[in-house]
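Undergrad: Dropping in structure_13.txt, which is compact mmCIF, C-alpha atoms and all ligand atoms:
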# COMPACT_ATOMS: atom_id res chain seq x y z
CA MET A 1 15.38 -32.26 -35.98
CA ILE A 2 17.02 -29.87 -33.57
CA PRO A 3 18.46 -26.76 -35.27
CA SER A 4 22.24 -26.54 -35.41
CA VAL A 5 21.95 -23.46 -33.16
CA LEU A 6 20.44 -24.59 -29.84
CA PRO A 7 16.91 -23.15 -30.02
CA THR A 8 16.80 -21.24 -26.71
CA TYR A 9 15.78 -18.00 -28.45
CA ASN A 10 12.67 -17.14 -30.47
CA ARG A 11 14.49 -15.17 -33.12
CA ALA A 12 13.01 -12.57 -35.45
CA PRO A 13 13.71 -13.28 -39.14
CA LEU A 14 16.20 -10.42 -39.47
CA HIS A 15 19.77 -10.85 -40.66
CA PHE A 16 21.87 -7.80 -39.93
CA VAL A 17 25.12 -7.68 -41.81
CA LYS A 18 26.45 -4.24 -40.93
CA GLY A 19 26.08 -1.52 -38.33
CA GLU A 20 26.75 2.21 -38.60
CA GLY A 21 26.18 4.29 -35.48
CA ALA A 22 22.49 4.00 -34.60
CA TRP A 23 21.72 2.03 -37.78
CA LEU A 24 21.58 -1.68 -38.54
CA ILE A 25 21.64 -2.78 -42.16
CA GLU A 26 19.74 -5.89 -43.16
CA GLU A 27 21.07 -8.38 -45.72
CA ASP A 28 18.38 -7.11 -48.15
CA GLY A 29 19.59 -3.51 -47.80
CA ARG A 30 16.90 -2.15 -45.43
CA ARG A 31 18.22 0.32 -42.84
CA PHE A 32 16.79 -0.16 -39.34
CA LEU A 33 17.05 2.51 -36.67
CA ASP A 34 18.43 0.67 -33.66
CA LEU A 35 16.76 1.67 -30.39
CA GLY A 36 17.88 -1.56 -28.74
CA SER A 37 21.68 -1.40 -28.98
CA GLY A 38 21.93 -5.19 -28.61
CA ILE A 39 20.08 -4.75 -25.29
CA ALA A 40 22.08 -1.81 -23.94
CA VAL A 41 25.41 -3.06 -25.26
CA ASN A 42 26.41 -0.85 -28.21
CA ALA A 43 26.56 2.25 -26.00
CA LEU A 44 28.52 4.25 -28.59
CA GLY A 45 26.69 2.85 -31.61
CA HIS A 46 27.84 0.31 -34.16
CA ALA A 47 31.37 0.39 -35.58
CA ASN A 48 32.25 3.50 -33.59
CA PRO A 49 35.51 4.79 -35.13
CA ASP A 50 37.22 5.29 -31.74
CA LEU A 51 36.38 1.75 -30.66
CA VAL A 52 37.38 0.29 -34.02
CA ALA A 53 40.72 2.11 -33.69
CA ALA A 54 41.26 0.87 -30.11
CA LEU A 55 40.34 -2.69 -31.14
CA THR A 56 42.41 -2.88 -34.30
CA GLU A 57 45.44 -1.23 -32.76
CA GLN A 58 45.43 -3.72 -29.89
CA ALA A 59 44.52 -6.64 -32.20
CA SER A 60 47.69 -6.13 -34.21
CA LYS A 61 49.77 -6.34 -31.02
CA LEU A 62 48.38 -8.82 -28.48
CA TRP A 63 44.90 -10.30 -28.06
CA HIS A 64 45.20 -12.55 -25.07
CA VAL A 65 47.64 -13.21 -22.31
CA SER A 66 46.94 -15.19 -19.17
CA ASN A 67 46.08 -13.54 -15.90
CA LEU A 68 49.20 -15.29 -14.62
CA TYR A 69 50.97 -12.16 -15.92
CA GLU A 70 50.43 -8.45 -15.46
CA ILE A 71 48.27 -6.93 -18.18
CA PRO A 72 48.88 -3.19 -18.70
CA GLN A 73 45.57 -2.63 -20.55
CA GLN A 74 43.68 -4.28 -17.68
CA GLN A 75 45.58 -2.17 -15.16
CA ALA A 76 44.79 1.02 -17.12
CA LEU A 77 41.05 0.27 -17.26
CA ALA A 78 40.94 -0.70 -13.57
CA ASP A 79 42.79 2.52 -12.65
CA LYS A 80 40.32 4.56 -14.69
CA LEU A 81 37.29 2.86 -13.09
CA VAL A 82 38.75 3.39 -9.62
CA GLU A 83 39.33 7.05 -10.50
CA VAL A 84 35.78 7.72 -11.69
CA THR A 85 33.71 5.55 -9.30
CA PHE A 86 33.34 4.61 -5.63
CA ALA A 87 35.46 1.50 -6.18
CA ASP A 88 38.92 0.68 -4.85
CA THR A 89 39.38 -2.47 -6.90
CA VAL A 90 38.05 -4.22 -10.02
CA PHE A 91 37.85 -7.80 -11.35
CA PHE A 92 37.11 -8.21 -15.06
CA THR A 93 34.69 -10.81 -16.41
CA ASN A 94 33.25 -11.57 -19.84
CA SER A 95 29.59 -11.06 -18.99
CA GLY A 96 27.06 -9.80 -16.50
CA THR A 97 26.29 -13.32 -15.34
CA GLU A 98 29.90 -13.89 -14.37
CA ALA A 99 29.89 -10.55 -12.57
CA CYS A 100 26.89 -11.83 -10.59
CA GLU A 101 28.74 -15.01 -9.68
CA LEU A 102 31.68 -13.05 -8.29
CA ALA A 103 29.51 -10.48 -6.51
CA VAL A 104 27.73 -13.30 -4.63
CA LYS A 105 31.00 -15.10 -3.84
CA MET A 106 32.65 -11.86 -2.70
CA ALA A 107 29.83 -10.98 -0.31
CA ARG A 108 29.76 -14.43 1.26
CA LYS A 109 33.53 -14.62 1.50
CA TYR A 110 33.65 -11.23 3.19
CA TRP A 111 31.54 -12.42 6.09
CA TYR A 112 33.27 -15.80 6.23
CA GLU A 113 36.63 -14.12 6.71
CA LYS A 114 35.11 -11.86 9.37
CA GLY A 115 34.20 -15.02 11.28
CA GLU A 116 30.47 -14.54 10.65
CA LYS A 117 30.05 -17.76 8.74
CA GLU A 118 26.27 -17.86 9.12
CA LYS A 119 25.92 -14.71 6.99
CA VAL A 120 25.27 -16.24 3.59
CA GLU A 121 21.81 -15.04 2.59
CA ILE A 122 21.31 -12.57 -0.24
CA LEU A 123 18.05 -10.63 -0.48
CA THR A 124 16.67 -10.02 -3.99
CA PHE A 125 13.50 -8.51 -5.45
CA SER A 126 10.65 -9.61 -7.71
CA GLY A 127 11.18 -8.76 -11.37
CA CYS A 128 14.96 -8.83 -11.01
CA PHE A 129 17.29 -10.30 -13.59
CA HIS A 130 20.93 -11.04 -12.89
CA GLY A 131 21.85 -13.60 -15.56
CA ARG A 132 21.48 -17.28 -16.39
CA SER A 133 24.04 -19.15 -14.30
CA SER A 134 22.93 -21.32 -11.39
CA ALA A 135 23.58 -18.50 -8.89
CA ALA A 136 21.97 -15.86 -11.10
CA ILE A 137 18.76 -17.85 -11.67
CA ALA A 138 18.62 -18.65 -7.97
CA ALA A 139 18.93 -14.92 -7.30
CA SER A 140 15.94 -14.28 -9.55
CA GLY A 141 13.98 -17.19 -8.12
CA SER A 142 11.13 -16.84 -10.63
CA GLU A 143 9.54 -20.05 -11.86
CA LYS A 144 10.37 -19.11 -15.44
CA MET A 145 14.06 -18.97 -14.60
CA VAL A 146 14.52 -21.95 -12.26
CA LYS A 147 11.91 -24.53 -13.32
CA GLY A 148 13.61 -27.76 -14.30
CA PHE A 149 17.07 -26.62 -13.30
CA GLY A 150 17.02 -27.85 -9.71
CA PRO A 151 18.43 -28.19 -7.17
CA VAL A 152 18.35 -24.41 -7.00
CA LEU A 153 21.33 -22.83 -5.25
CA ASP A 154 20.43 -22.09 -1.66
CA GLY A 155 20.66 -18.81 0.24
CA PHE A 156 18.54 -16.35 -1.76
CA ILE A 157 15.52 -14.69 -0.18
CA HIS A 158 13.04 -13.21 -2.65
CA LEU A 159 11.07 -10.14 -1.70
CA ASP A 160 8.32 -8.18 -3.42
CA TRP A 161 9.63 -5.05 -5.15
CA GLY A 162 8.64 -2.08 -3.01
CA ASP A 163 7.55 -4.03 0.09
CA HIS A 164 9.50 -2.16 2.78
CA ASP A 165 8.01 -4.10 5.70
CA ALA A 166 8.95 -7.44 4.16
CA LEU A 167 12.47 -6.14 3.56
CA HIS A 168 12.95 -5.09 7.17
CA ALA A 169 11.53 -8.37 8.41
CA ALA A 170 13.79 -10.41 6.12
CA ILE A 171 17.04 -9.01 7.50
CA THR A 172 18.43 -11.42 10.08
CA GLU A 173 21.83 -12.44 11.46
CA LYS A 174 22.11 -14.63 8.33
CA THR A 175 21.85 -11.74 5.84
CA ALA A 176 25.07 -11.18 3.89
CA ALA A 177 23.89 -8.72 1.25
CA ILE A 178 21.07 -7.02 -0.58
CA LEU A 179 21.29 -7.36 -4.38
CA ILE A 180 19.29 -4.93 -6.51
CA GLU A 181 19.20 -3.19 -9.91
CA PRO A 182 18.88 0.61 -9.54
CA VAL A 183 16.69 0.40 -12.66
CA GLN A 184 15.22 -3.01 -13.46
CA GLY A 185 15.76 -3.75 -17.14
CA GLU A 186 14.29 -7.14 -18.01
CA GLY A 187 11.70 -6.55 -15.29
CA GLY A 188 10.17 -3.73 -17.36
CA ILE A 189 12.24 -0.55 -16.87
CA ARG A 190 11.38 -0.02 -13.22
CA PRO A 191 13.58 2.62 -11.56
CA LEU A 192 14.19 2.39 -7.85
CA PRO A 193 13.31 5.86 -6.51
CA ASP A 194 16.34 7.78 -5.17
CA GLN A 195 14.77 7.83 -1.71
CA CYS A 196 14.55 4.03 -1.70
CA LEU A 197 18.16 3.58 -2.74
CA LYS A 198 19.21 6.03 -0.02
CA GLY A 199 17.05 4.10 2.43
CA LEU A 200 18.59 0.79 1.37
CA ARG A 201 22.10 2.17 1.91
CA ALA A 202 21.14 3.42 5.37
CA LEU A 203 19.49 0.09 6.22
CA CYS A 204 22.57 -1.85 5.10
CA ASP A 205 24.81 0.38 7.22
CA GLU A 206 22.54 0.05 10.24
CA LYS A 207 22.20 -3.73 10.02
CA GLY A 208 25.71 -4.60 8.84
CA VAL A 209 24.73 -5.89 5.40
CA LEU A 210 26.57 -5.39 2.10
CA LEU A 211 24.83 -3.54 -0.72
CA ILE A 212 25.38 -5.06 -4.16
CA LEU A 213 24.12 -3.05 -7.12
CA ASP A 214 23.58 -4.70 -10.48
CA GLU A 215 24.35 -1.97 -13.03
CA VAL A 216 24.84 -4.40 -15.90
CA GLN A 217 22.01 -2.80 -17.90
CA CYS A 218 21.54 0.63 -16.26
CA GLY A 219 25.24 1.49 -15.87
CA VAL A 220 27.87 3.04 -18.15
CA GLY A 221 26.06 6.29 -18.94
CA ARG A 222 22.69 4.72 -19.73
CA THR A 223 20.74 6.83 -17.22
CA GLY A 224 22.70 10.04 -17.87
CA ARG A 225 25.23 9.54 -15.06
CA LEU A 226 28.20 7.21 -15.41
CA PHE A 227 26.43 4.85 -13.00
CA ALA A 228 22.74 5.03 -12.07
CA HIS A 229 23.29 5.03 -8.29
CA GLU A 230 25.04 8.40 -8.59
CA TRP A 231 21.61 10.05 -8.97
CA ALA A 232 20.77 9.03 -5.39
CA GLY A 233 24.09 10.24 -4.00
CA VAL A 234 24.95 6.91 -2.37
CA THR A 235 27.46 4.21 -3.21
CA PRO A 236 27.34 0.41 -3.07
CA ASP A 237 29.89 -1.95 -1.54
CA ILE A 238 29.98 -4.13 -4.66
CA MET A 239 28.74 -3.37 -8.17
CA MET A 240 28.22 -5.57 -11.22
CA VAL A 241 28.92 -4.06 -14.63
CA ALA A 242 28.85 -5.51 -18.18
CA LYS A 243 27.05 -4.77 -21.48
CA GLY A 244 27.89 -1.10 -22.25
CA ILE A 245 31.40 -1.23 -20.79
CA GLY A 246 32.62 -3.24 -23.80
CA GLY A 247 30.58 -1.28 -26.35
CA GLY A 248 29.94 -4.63 -28.10
CA PHE A 249 33.08 -6.48 -27.03
CA PRO A 250 32.26 -9.10 -24.36
CA LEU A 251 33.45 -7.46 -21.15
CA GLY A 252 32.12 -7.24 -17.62
CA ALA A 253 33.45 -6.25 -14.23
CA VAL A 254 32.90 -6.35 -10.51
CA LEU A 255 33.81 -3.12 -8.76
CA ALA A 256 34.18 -3.10 -4.99
CA THR A 257 35.43 -1.20 -2.00
CA GLU A 258 38.65 -2.41 -0.41
CA GLU A 259 36.68 -3.57 2.62
CA ALA A 260 34.06 -5.57 0.67
CA ALA A 261 36.75 -7.17 -1.49
CA SER A 262 38.98 -8.08 1.45
CA GLY A 263 38.16 -11.80 1.39
CA MET A 264 39.13 -12.23 -2.26
CA VAL A 265 42.81 -13.03 -1.93
CA ALA A 266 45.04 -14.85 -4.44
CA GLY A 267 43.57 -18.16 -5.54
CA THR A 268 39.95 -17.42 -4.56
CA HIS A 269 38.69 -16.47 -8.04
CA GLY A 270 39.84 -16.40 -11.63
CA SER A 271 38.94 -16.30 -15.31
CA THR A 272 40.83 -17.35 -18.43
CA TYR A 273 39.39 -14.59 -20.59
CA GLY A 274 38.50 -11.97 -17.98
CA GLY A 275 40.41 -8.74 -18.63
CA THR A 276 42.25 -9.57 -21.86
CA PRO A 277 44.39 -6.87 -23.51
CA LEU A 278 41.86 -6.71 -26.38
CA GLY A 279 38.74 -6.38 -24.21
CA CYS A 280 40.33 -3.86 -21.86
CA ALA A 281 41.69 -1.70 -24.69
CA VAL A 282 38.12 -1.38 -25.98
CA GLY A 283 36.68 -0.91 -22.48
CA LYS A 284 39.15 1.90 -21.78
CA ALA A 285 38.10 3.73 -24.95
CA VAL A 286 34.43 3.32 -23.91
CA ILE A 287 34.91 4.58 -20.35
CA ASP A 288 37.19 7.46 -21.43
CA ARG A 289 34.41 8.67 -23.72
CA ILE A 290 31.37 8.05 -21.52
CA SER A 291 32.87 9.33 -18.26
CA ASP A 292 33.47 12.74 -19.90
CA PRO A 293 30.98 15.13 -18.22
CA ALA A 294 30.33 16.89 -21.56
CA PHE A 295 29.31 13.53 -23.10
CA LEU A 296 26.94 12.79 -20.21
CA GLU A 297 25.43 16.26 -20.53
CA THR A 298 24.57 15.45 -24.14
CA VAL A 299 23.08 12.10 -23.09
CA ASN A 300 20.79 13.96 -20.68
CA ALA A 301 19.78 16.49 -23.32
CA ARG A 302 18.98 13.72 -25.83
CA ALA A 303 17.12 11.79 -23.13
CA GLY A 304 14.96 14.84 -22.41
CA LEU A 305 14.14 15.22 -26.09
CA LEU A 306 13.32 11.53 -26.55
CA ARG A 307 11.13 11.46 -23.47
CA GLN A 308 9.23 14.55 -24.54
CA LYS A 309 8.58 13.05 -27.97
CA LEU A 310 7.50 9.75 -26.42
CA GLU A 311 4.92 11.62 -24.32
CA GLY A 312 3.55 12.91 -27.64
CA LEU A 313 3.51 9.36 -29.05
CA ILE A 314 1.51 8.15 -26.05
CA ALA A 315 -0.96 11.02 -26.44
CA ALA A 316 -1.39 10.09 -30.12
CA HIS A 317 -1.80 6.35 -29.39
CA PRO A 318 -3.68 5.99 -26.08
CA ASP A 319 -5.04 2.59 -27.15
CA THR A 320 -1.52 1.21 -27.45
CA PHE A 321 0.62 3.05 -24.89
CA GLU A 322 -0.10 3.90 -21.29
CA GLU A 323 3.01 5.65 -19.99
CA VAL A 324 6.70 6.21 -20.51
CA ARG A 325 9.02 5.32 -17.65
CA GLY A 326 12.70 5.00 -16.92
CA MET A 327 15.71 7.27 -16.71
CA GLY A 328 18.00 8.83 -19.29
CA LEU A 329 18.20 6.69 -22.41
CA MET A 330 16.82 3.65 -20.59
CA LEU A 331 13.13 4.15 -21.29
CA GLY A 332 10.10 1.89 -21.37
CA LEU A 333 6.76 2.31 -23.07
CA LYS A 334 4.19 0.52 -20.95
CA CYS A 335 1.58 -0.93 -23.30
CA THR A 336 -2.14 -1.05 -22.56
CA ALA A 337 -4.06 -4.28 -22.00
CA LYS A 338 -5.09 -4.08 -25.68
CA ALA A 339 -1.50 -4.25 -26.92
CA ALA A 340 1.12 -6.94 -26.27
CA ALA A 341 4.61 -5.44 -26.11
CA ALA A 342 6.01 -8.27 -28.25
CA ASP A 343 3.50 -7.46 -31.03
CA VAL A 344 4.34 -3.75 -30.87
CA VAL A 345 8.03 -4.64 -31.21
CA LYS A 346 7.14 -6.78 -34.24
CA ALA A 347 5.21 -3.88 -35.79
CA GLY A 348 8.39 -1.86 -35.27
CA TYR A 349 10.34 -4.32 -37.42
CA ALA A 350 7.94 -3.62 -40.30
CA ALA A 351 8.54 0.12 -39.79
CA GLU A 352 12.31 -0.55 -39.66
CA VAL A 353 12.83 0.46 -36.06
CA ILE A 354 14.31 -1.88 -33.44
CA THR A 355 12.99 -1.96 -29.87
CA VAL A 356 13.14 -4.69 -27.21
CA PRO A 357 10.28 -6.25 -25.23
CA ALA A 358 10.52 -6.54 -21.44
CA ALA A 359 8.35 -7.96 -18.67
CA ASP A 360 5.28 -6.05 -17.44
CA ASN A 361 4.16 -5.47 -21.06
CA VAL A 362 6.84 -2.89 -21.71
CA VAL A 363 8.64 -1.96 -24.93
CA ARG A 364 12.21 -0.99 -24.09
CA LEU A 365 14.09 1.85 -25.77
CA LEU A 366 17.85 1.66 -25.23
CA PRO A 367 19.35 3.66 -28.11
CA PRO A 368 23.06 4.29 -28.49
CA LEU A 369 24.03 7.06 -26.07
CA ASN A 370 25.32 9.17 -28.97
CA ILE A 371 22.09 9.03 -30.99
CA THR A 372 21.56 12.38 -32.75
CA GLU A 373 18.56 14.71 -32.52
CA ALA A 374 17.72 13.98 -36.16
CA GLU A 375 17.79 10.24 -35.44
CA ILE A 376 15.47 10.73 -32.47
CA ALA A 377 13.01 12.59 -34.73
CA GLU A 378 13.27 9.77 -37.29
CA ALA A 379 12.80 7.16 -34.55
CA LEU A 380 9.58 8.81 -33.46
CA ASP A 381 8.24 8.88 -37.03
CA ARG A 382 8.93 5.17 -37.29
CA LEU A 383 7.43 4.36 -33.88
CA ASP A 384 4.34 6.36 -34.85
CA LYS A 385 4.11 4.43 -38.11
CA ALA A 386 4.50 1.14 -36.20
CA ALA A 387 1.78 2.05 -33.69
CA THR A 388 -0.60 3.19 -36.45
CA ALA A 389 -0.07 -0.05 -38.39
CA PHE A 390 -0.46 -2.09 -35.21
CA GLU A 391 -3.77 -0.36 -34.38
CA ALA A 392 -5.07 -0.87 -37.91
CA ALA A 393 -4.28 -4.61 -37.84
C1 LIG B 1 20.63 -6.32 -14.90
C2 LIG B 1 21.31 -7.48 -15.57
N1 LIG B 1 22.15 -8.25 -14.86
C3 LIG B 1 22.79 -9.28 -15.42
C4 LIG B 1 22.61 -9.60 -16.74
C5 LIG B 1 23.33 -10.77 -17.35
O1 LIG B 1 24.30 -10.30 -18.22
P1 LIG B 1 24.91 -11.24 -19.35
O2 LIG B 1 23.81 -11.54 -20.31
O3 LIG B 1 26.02 -10.42 -19.96
O4 LIG B 1 25.44 -12.46 -18.70
C6 LIG B 1 21.73 -8.85 -17.52
C7 LIG B 1 21.48 -9.19 -18.92
O5 LIG B 1 20.50 -8.80 -19.52
C8 LIG B 1 21.06 -7.74 -16.92
O6 LIG B 1 20.22 -6.98 -17.62
Using the file provided, produce a representation of the structure as structure tokens.
TA:
Amino acid sequence: MIPSVLPTYNRAPLHFVKGEGAWLIEEDGRRFLDLGSGIAVNALGHANPDLVAALTEQASKLWHVSNLYEIPQQQALADKLVEVTFADTVFFTNSGTEACELAVKMARKYWYEKGEKEKVEILTFSGCFHGRSSAAIAASGSEKMVKGFGPVLDGFIHLDWGDHDALHAAITEKTAAILIEPVQGEGGIRPLPDQCLKGLRALCDEKGVLLILDEVQCGVGRTGRLFAHEWAGVTPDIMMVAKGIGGGFPLGAVLATEEAASGMVAGTHGSTYGGTPLGCAVGKAVIDRISDPAFLETVNARAGLLRQKLEGLIAAHPDTFEEVRGMGLMLGLKCTAKAAAADVVKAGYAAEVITVPAADNVVRLLPPLNITEAEIAEALDRLDKAATAFEAA
């Protein structure tokens, strides 16, 4: 008999009933150190007092009002994002997938309105992940994502990650945009080198192609800058955001330049829930905190400490771990051929530490951005315990 919850996930037998900062408390009382943050969502930890205050204050006033009316909380969050990023304008969604949908629509509509109706193709890269809608799985193009869900939405060209020649050859008069994650998350914590992102920007400018960055996982302070592309000193035309921006409340956004957004006039897009007073009140509290340079400085300091300790973990467990990669507090432990990342994650559960598997045999570490030094030390003890138990098994 089919379970009452559609069985699209292989779930671990863990039942968390409470969260406190970087800790998740199981029904049976065990306290797990959370280095997953709900896959880069709980950027300020669980039940953060500032976010609880923002949520409850707004909840007692007004949860939802239609986008048929002006929404001051939405306006305030959009103004803040425009102030602290490259963007001139913002559309709010409920998820990263919806942000992907709009980013694709916006890019195609831009060229349509310019009279270049043949420009519809979006170039994407192997290992990418942009969500689970029909457009997002078509963007990924991998068999795992699209098999059985045909007909697959047309107009996506899939290139090998890092193949510069193929990229140049793929750009034609039909190319509308390049879509890329500055740091691949699901693909196994693969950062795009700064030089490559700079090169992509220059290529897009030269060829007349829009650059769409997917910062759903790597954005909102995760890499130690408010958005990951800032490290390379270039800006996109369109950017997808979600996960961390809501700190646990379902919220996403598409940020864009005035030029890139110029085709999206009244009536071309919408969302019932996108940008509610409740979601935007929480999002504003998140962005106010994370965009503070002093906060980001601490993220970088903590990231340096965690990375240094992970190098020690690798040295102590060369049979299990090969390397640490990533940026800021978006780190991946690449496992050796002897160790499956999913099994290492499972061993972590027994040691009461939460990590997340990714492709390319990588264990992802995405702790809350405000994890303390003491918690990092504790995390390493638990990861060491997990690796030792895994090796003994
Ligand atoms: C880079 C990236 N883009 C898009 C998405 C889809 O976001 P959501 O699950 O909120 O729809 C994800 C989710 O993991 C992601 O990591």
Undergrad: My list of candidates is A:Leu35, A:Ala377, A:Leu167, A:Ile189. Which is closest to Cys204 in chain A when distances are computed with only C-alpha atoms?
TA: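 Once distances to Cys204 in chain A are computed over only C-alpha atoms, the minimum belongs to A:Leu167.
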Undergrad: Compute the set of protein, DNA and RNA residues whose minimum atom distance to ligand LIG 1 (chain B) is at most 10 Å, using all atoms listed in the file, and state it as a PyMOL selection string.
TA: chain A and resi 38-41+93-101+128-133+136+180-187+213-219+240-244+250-252
Undergrad: Can you tell me which residues surround range 278-290 of chain A at a distance of at most 6 Å, considering all atoms listed in the file, apart from same-chain residues fewer than 3 positions away, and format the answer as number ranges by chain?
TA: A: 51, 54-55, 58, 63, 73-74, 77, 245-246, 275
Undergrad: For CA of Phe227 in chain A and CA of Val82 in chain A, quote the distance in Å rounded to one decimal.
TA: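 Taking CA of Phe227 in chain A as the start and CA of Val82 in chain A as the end point, the length is 12.9 Å.
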Undergrad: Which protein, DNA or RNA residues are at most 12 Å from (10.1, -11.4, -41.7) in the file's coordinates when you count all atoms listed in the file, listed as a PDB file with C-alpha atoms, keeping the file's coordinate frame?
TA:
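So selection-v2.pdb came out as:
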ATOM      1  CA  ARG A  11      14.490 -15.170 -33.120  1.00  0.00           C
ATOM      2  CA  ALA A  12      13.010 -12.570 -35.450  1.00  0.00           C
ATOM      3  CA  PRO A  13      13.710 -13.280 -39.140  1.00  0.00           C
ATOM      4  CA  LEU A  14      16.200 -10.420 -39.470  1.00  0.00           C
ATOM      5  CA  HIS A  15      19.770 -10.850 -40.660  1.00  0.00           C
ATOM      6  CA  GLU A  26      19.740  -5.890 -43.160  1.00  0.00           C
ATOM      7  CA  ASP A  28      18.380  -7.110 -48.150  1.00  0.00           C
ATOM      8  CA  LYS A 346       7.140  -6.780 -34.240  1.00  0.00           C
ATOM      9  CA  ALA A 347       5.210  -3.880 -35.790  1.00  0.00           C
ATOM     10  CA  GLY A 348       8.390  -1.860 -35.270  1.00  0.00           C
ATOM     11  CA  TYR A 349      10.340  -4.320 -37.420  1.00  0.00           C
ATOM     12  CA  ALA A 350       7.940  -3.620 -40.300  1.00  0.00           C
ATOM     13  CA  ALA A 351       8.540   0.120 -39.790  1.00  0.00           C
ATOM     14  CA  GLU A 352      12.310  -0.550 -39.660  1.00  0.00           C
TER      15      GLU A 352
END
Undergrad: So, counting all atoms listed in the file, which residue among A:Ala107, A:Ala341, A:Val265, A:Ala47 is closest to Leu210 in chain A?
TA: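 Of all the options, A:Ala107 lies closest to Leu210 in chain A.
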